[in-house]
Every structure is written in structure tokens, then in C-alpha cells.
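Scroll down for the structure; my scribbles are underneath it.
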Amino acid sequence: MADDGLTGVALVTGASSGIGRALAEGLAARGMAVAGLARTGDRLATAMDEVAAATGARTLAVTADVTDRAAVEAAVAEVTEHLGRVDLLVNNAGGVDAAEEPLWEADPDQWWDVVSGHVLGGFLLCRAVVPWMVLRNRGRIVNLASGMSLRARPEYSAYSVAKTGLMRLTEALQGALEGSDVHAFDVAPGLVDTPMTRGMPMWQGQTDWTPPDRVVRMVAAIAAGELDAWSGRFLHVNNDAPEDLARRGPEGDARRLRLRPWGDGDPLG
């Protein structure tokens, strides 16, 4: 049965497998009603049924393409009708470059699909969910980040651009939410063993994977309001323990994307 440590409704995108699937079950086990969203209807429905059976929580499978505005709005309306207003939004959906290659060799359509899946998808979900959080003055948004949010990999240019763009979206969102009890975060999950990472040549032969439970613990701490001091900032599950973050807050622009100053008094630093 579900643990009653958390309450409310979570909406997790990309929930049919991988990190999204782990988050759906982990949040449900902690007491949340969980709506999973993905493009693959049958696999998603099976995943959410399994989560409900394992946890006793209320779940909902909602099929939608996160880059389709009308589909996203209809999906959020369906979640609201069946489970209630969203208290926690996790933007996890998104793909990766089809091949390890320099950007001038990439297929333009596939390259842009990767960028739009993360950035446009995150924007559309926030646009549909956040106004109701603001109205109720309650909510948390988690955007799944990456080490490539901070340092571009030339062979994964689309994914690097997408994840950096999503970080800027988080910061812009948090700035607009200043003074409210609605908060947004970037969370890098580390290297989790998923179908996506297994399909990336750079990780062939990898054996040291990040346990999905670490990602769940970080997102659960955010959902509980324990890490609000870190709103608008980058957290990494392999380097940041939630209990350590909760004991101290950041200073200045720590964990934000900034240019390194060229020298003393550099106005762009």
C-alpha cells in the first residue's frame, strides 16, 4: 500500500519507461496520485496499471505528444478531471540525437525534434499547469537536466542545446514565480540505466549506473517542499544528498548558468 508521506497529484511525462516510470512508481508509493503521460498509449497504460497494483495509489495514463499544444492542453484537462489539479509537474519526456556526429552531419528534422521535445514540451506543459499552481499558490515543477546542460558534447549537439535551453526555461519560470509558493528546479538524474542511455554508443559497456531510487528521493524531497531554497537551480542526484541540501541554501548565483568573468569588473561575468 502507498506511504502517506506525500499528498496531491503528480504529472510525469515520459512515464512509460526509464526514469519517468521509476518516478511514477516512487511518487505513488509515497502517497501521490500519479498521472503518466507519453506518446505510446499501450505501453503507458500497462506501466500505470503496474504502478497502481504495486502501490495501491490512484494512477492515470494519458497519451499525448508533448510538442502538440492541443494534445497537452487536453491531457492536462483529463488529469484534472480524474485526479485533480497538478501539484507536481515532472518534465522528463524527450529524446536524444540519433547518431554521434557533428551537427553539420545531423538530420535537421531529427535534430530539431530533439530540441523541441525537451524545450517546447517543457514550455507547453508549464503553460498548461503552472497558472493553476499560481492561482492556488502551491506547486512544484521539476525539469530533468543533464551534465550536457552545463557542457556541450559535440557529438550530441541537439541534446546539449535542448538540456541547456530547458535550464534557461527553469530560471525564467522561477523568476516569474518569485514571492509565491510555486517553485521550479533542474534535476540531473545521473547515468540511469534506461533504453535511451543503452542506445547511446558513448555508454556501451557501462556498468556503473545511477540507481533510479536516488532520482525518486530528490524529486520527492522537492515535492515535500524541503528544497525550496534551491528554486531555479541545478541539482545533481549523484553529488547532492537531499538532506544536505535541506540544511543549507545556495549563495549568490551558485548552480545557475553564468559566464565566467574575464577579469575583475567584467560586466558580463
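In the C-alpha cells, each chain is lettered A, B, ... as it comes, each chain's residues begin at 1, and ligands are numbered from 1 in order of appearance.
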Those of region 57-220 of chain A in DSSP helix (DSSP H, G or I), formatted as number ranges by chain: A: 69-82, 103-105, 108-136, 147-149, 154-176, 195-198, 201-203, 212-220
Arg85 (chain A) environment, 8 Å, only C-alpha atoms, sequence neighbours closer than 3 positions dropped, as a VMD selection string: chain A and resid 9 79 to 80 132
Residues near Val34 (chain A), anyone? I mean within 10 Å using only C-alpha atoms, not counting same-chain ones fewer than 3 positions away, as a compact mmCIF listing (two decimals) with N, CA and C atoms, in the first residue's frame.
```
# COMPACT_ATOMS: atom_id res chain seq x y z
N GLY A 8 -1.35 14.86 -2.85
CA GLY A 8 -1.55 15.64 -4.07
C GLY A 8 -1.39 14.82 -5.33
N VAL A 9 -1.30 15.53 -6.45
CA VAL A 9 -1.29 14.91 -7.77
C VAL A 9 0.02 15.23 -8.48
N ALA A 10 0.66 14.20 -8.99
CA ALA A 10 1.88 14.37 -9.78
C ALA A 10 1.59 14.04 -11.23
N LEU A 11 2.15 14.82 -12.13
CA LEU A 11 2.08 14.55 -13.57
C LEU A 11 3.51 14.36 -14.06
N VAL A 12 3.80 13.17 -14.56
CA VAL A 12 5.14 12.81 -15.01
C VAL A 12 5.10 12.51 -16.49
N ALA A 15 6.48 8.72 -19.00
CA ALA A 15 6.31 7.82 -17.86
C ALA A 15 6.19 6.35 -18.23
N LEU A 23 9.94 7.22 -11.52
CA LEU A 23 9.38 8.34 -10.76
C LEU A 23 7.89 8.13 -10.49
N ALA A 24 7.18 7.65 -11.50
CA ALA A 24 5.75 7.41 -11.31
C ALA A 24 5.51 6.44 -10.15
N GLU A 25 6.25 5.35 -10.13
CA GLU A 25 6.05 4.38 -9.05
C GLU A 25 6.55 4.92 -7.71
N GLY A 26 7.69 5.60 -7.72
CA GLY A 26 8.24 6.11 -6.46
C GLY A 26 7.36 7.16 -5.82
N LEU A 27 6.78 8.04 -6.62
CA LEU A 27 5.89 9.07 -6.08
C LEU A 27 4.57 8.45 -5.62
N ALA A 28 4.09 7.47 -6.38
CA ALA A 28 2.86 6.78 -5.98
C ALA A 28 3.06 6.05 -4.66
N ALA A 29 4.21 5.42 -4.49
CA ALA A 29 4.50 4.69 -3.26
C ALA A 29 4.56 5.62 -2.05
N GLY A 31 2.56 8.22 -1.69
CA GLY A 31 1.24 8.74 -1.37
C GLY A 31 0.60 9.63 -2.39
N LEU A 37 2.23 10.50 -18.58
CA LEU A 37 1.96 10.97 -19.93
C LEU A 37 3.06 10.47 -20.86
N MET A 48 1.24 2.20 -15.98
CA MET A 48 0.47 2.84 -14.93
C MET A 48 -0.40 1.84 -14.18
N VAL A 51 1.95 0.29 -11.74
CA VAL A 51 2.21 1.20 -10.62
C VAL A 51 1.05 1.15 -9.62
N ALA A 52 -0.16 1.19 -10.14
CA ALA A 52 -1.34 1.13 -9.26
C ALA A 52 -1.38 -0.18 -8.48
N ALA A 57 -1.98 3.17 -5.23
CA ALA A 57 -2.28 4.58 -5.49
C ALA A 57 -3.20 4.74 -6.69
N ARG A 58 -3.83 5.90 -6.77
CA ARG A 58 -4.61 6.24 -7.96
C ARG A 58 -3.64 6.64 -9.07
N THR A 59 -3.84 6.08 -10.26
CA THR A 59 -3.00 6.42 -11.40
C THR A 59 -3.88 6.70 -12.61
N LEU A 60 -3.26 7.34 -13.59
CA LEU A 60 -3.97 7.65 -14.83
C LEU A 60 -2.94 7.66 -15.95
N ALA A 61 -3.26 7.01 -17.05
CA ALA A 61 -2.42 7.03 -18.25
C ALA A 61 -3.03 8.00 -19.25
N VAL A 79 -6.32 14.98 -16.75
CA VAL A 79 -5.75 14.74 -15.43
C VAL A 79 -6.56 15.46 -14.36
N LEU A 83 -8.13 13.20 -11.54
CA LEU A 83 -7.31 13.16 -10.32
C LEU A 83 -7.31 14.46 -9.54
N VAL A 86 -2.85 19.57 -10.69
CA VAL A 86 -1.49 19.05 -10.57
C VAL A 86 -0.72 19.84 -9.51
N LEU A 88 2.56 18.58 -8.63
CA LEU A 88 3.95 18.35 -9.01
C LEU A 88 4.00 17.99 -10.49
```
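Here the question is which of A:Pro212, A:Gly147, A:Gly36, A:Pro154 gets nearest to Asp186 (chain A) using only C-alpha atoms, and that residue is A:Gly147.
Considering the residues A:Arg233, A:Arg127, A:Arg39, A:Arg198 and counting only C-alpha atoms, Leu144 (chain A) has its shortest atom-to-atom contact with A:Arg233.
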Per residue of region 153-240 of chain A within 12 Å of region 135-143 of chain A, record the nearest atom pair and its distance in Å to one decimal, counting only C-alpha atoms, with rows in chain order and ascending residue number, as a Markdown table.
```
| residue | atom | partner | partner_atom | distance |
| --- | --- | --- | --- | --- |
| A:Ala162 | CA | A:Asn143 | CA | 11.6 |
| A:Lys163 | CA | A:Asn143 | CA | 9.2 |
| A:Thr164 | CA | A:Asn143 | CA | 11.0 |
| A:Gly165 | CA | A:Asn143 | CA | 10.8 |
| A:Leu166 | CA | A:Asn143 | CA | 7.1 |
| A:Met167 | CA | A:Asn143 | CA | 7.7 |
| A:Arg168 | CA | A:Asn143 | CA | 10.5 |
| A:Leu169 | CA | A:Asn143 | CA | 9.0 |
| A:Thr170 | CA | A:Asn143 | CA | 7.1 |
| A:Glu171 | CA | A:Asn143 | CA | 10.6 |
| A:Leu173 | CA | A:Ile141 | CA | 9.4 |
| A:Gln174 | CA | A:Ile141 | CA | 9.4 |
| A:Leu177 | CA | A:Asn137 | CA | 9.7 |
| A:Glu178 | CA | A:Asn137 | CA | 11.3 |
| A:Gly179 | CA | A:Asn137 | CA | 9.8 |
| A:Ser180 | CA | A:Asn137 | CA | 6.1 |
| A:Asp181 | CA | A:Arg138 | CA | 5.2 |
| A:Val182 | CA | A:Gly139 | CA | 4.6 |
| A:His183 | CA | A:Arg140 | CA | 4.9 |
| A:Ala184 | CA | A:Ile141 | CA | 4.5 |
| A:Phe185 | CA | A:Val142 | CA | 4.9 |
| A:Asp186 | CA | A:Asn143 | CA | 5.0 |
| A:Val187 | CA | A:Asn143 | CA | 6.3 |
| A:Ala188 | CA | A:Asn143 | CA | 8.6 |
| A:Pro189 | CA | A:Asn143 | CA | 10.4 |
| A:Val215 | CA | A:Val142 | CA | 11.2 |
| A:Val216 | CA | A:Val142 | CA | 11.5 |
| A:Met218 | CA | A:Val142 | CA | 10.1 |
| A:Val219 | CA | A:Val142 | CA | 7.4 |
| A:Ala220 | CA | A:Val142 | CA | 10.4 |
| A:Ala221 | CA | A:Arg140 | CA | 10.6 |
| A:Ile222 | CA | A:Arg140 | CA | 7.1 |
| A:Ala223 | CA | A:Arg140 | CA | 6.2 |
| A:Ala224 | CA | A:Arg140 | CA | 9.0 |
| A:Gly225 | CA | A:Arg140 | CA | 8.1 |
| A:Glu226 | CA | A:Arg140 | CA | 11.1 |
| A:Leu227 | CA | A:Arg140 | CA | 10.4 |
| A:Asp228 | CA | A:Arg140 | CA | 9.1 |
| A:Trp230 | CA | A:Val142 | CA | 11.7 |
| A:Ser231 | CA | A:Arg140 | CA | 9.3 |
| A:Gly232 | CA | A:Val142 | CA | 9.7 |
| A:Arg233 | CA | A:Asn143 | CA | 10.4 |
| A:Phe234 | CA | A:Asn143 | CA | 9.6 |
| A:Leu235 | CA | A:Val142 | CA | 10.3 |
| A:His236 | CA | A:Asn143 | CA | 11.9 |
```
Sel. of strand (DSSP E) residues, region 40-233 of chain A, as a VMD selection string: chain A and resid 59 to 63 88 to 91 139 to 144 182 to 188
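Minimum distance to Pro131 (chain A) across A:Ser160, A:Ser116, A:Ala176, A:Ala145 (counting only C-alpha atoms) occurs at A:Ala176.
Taking CA of Leu191 (chain A) and CA of Asp213 (chain A) as endpoints, the distance between them is 12.3 Å.
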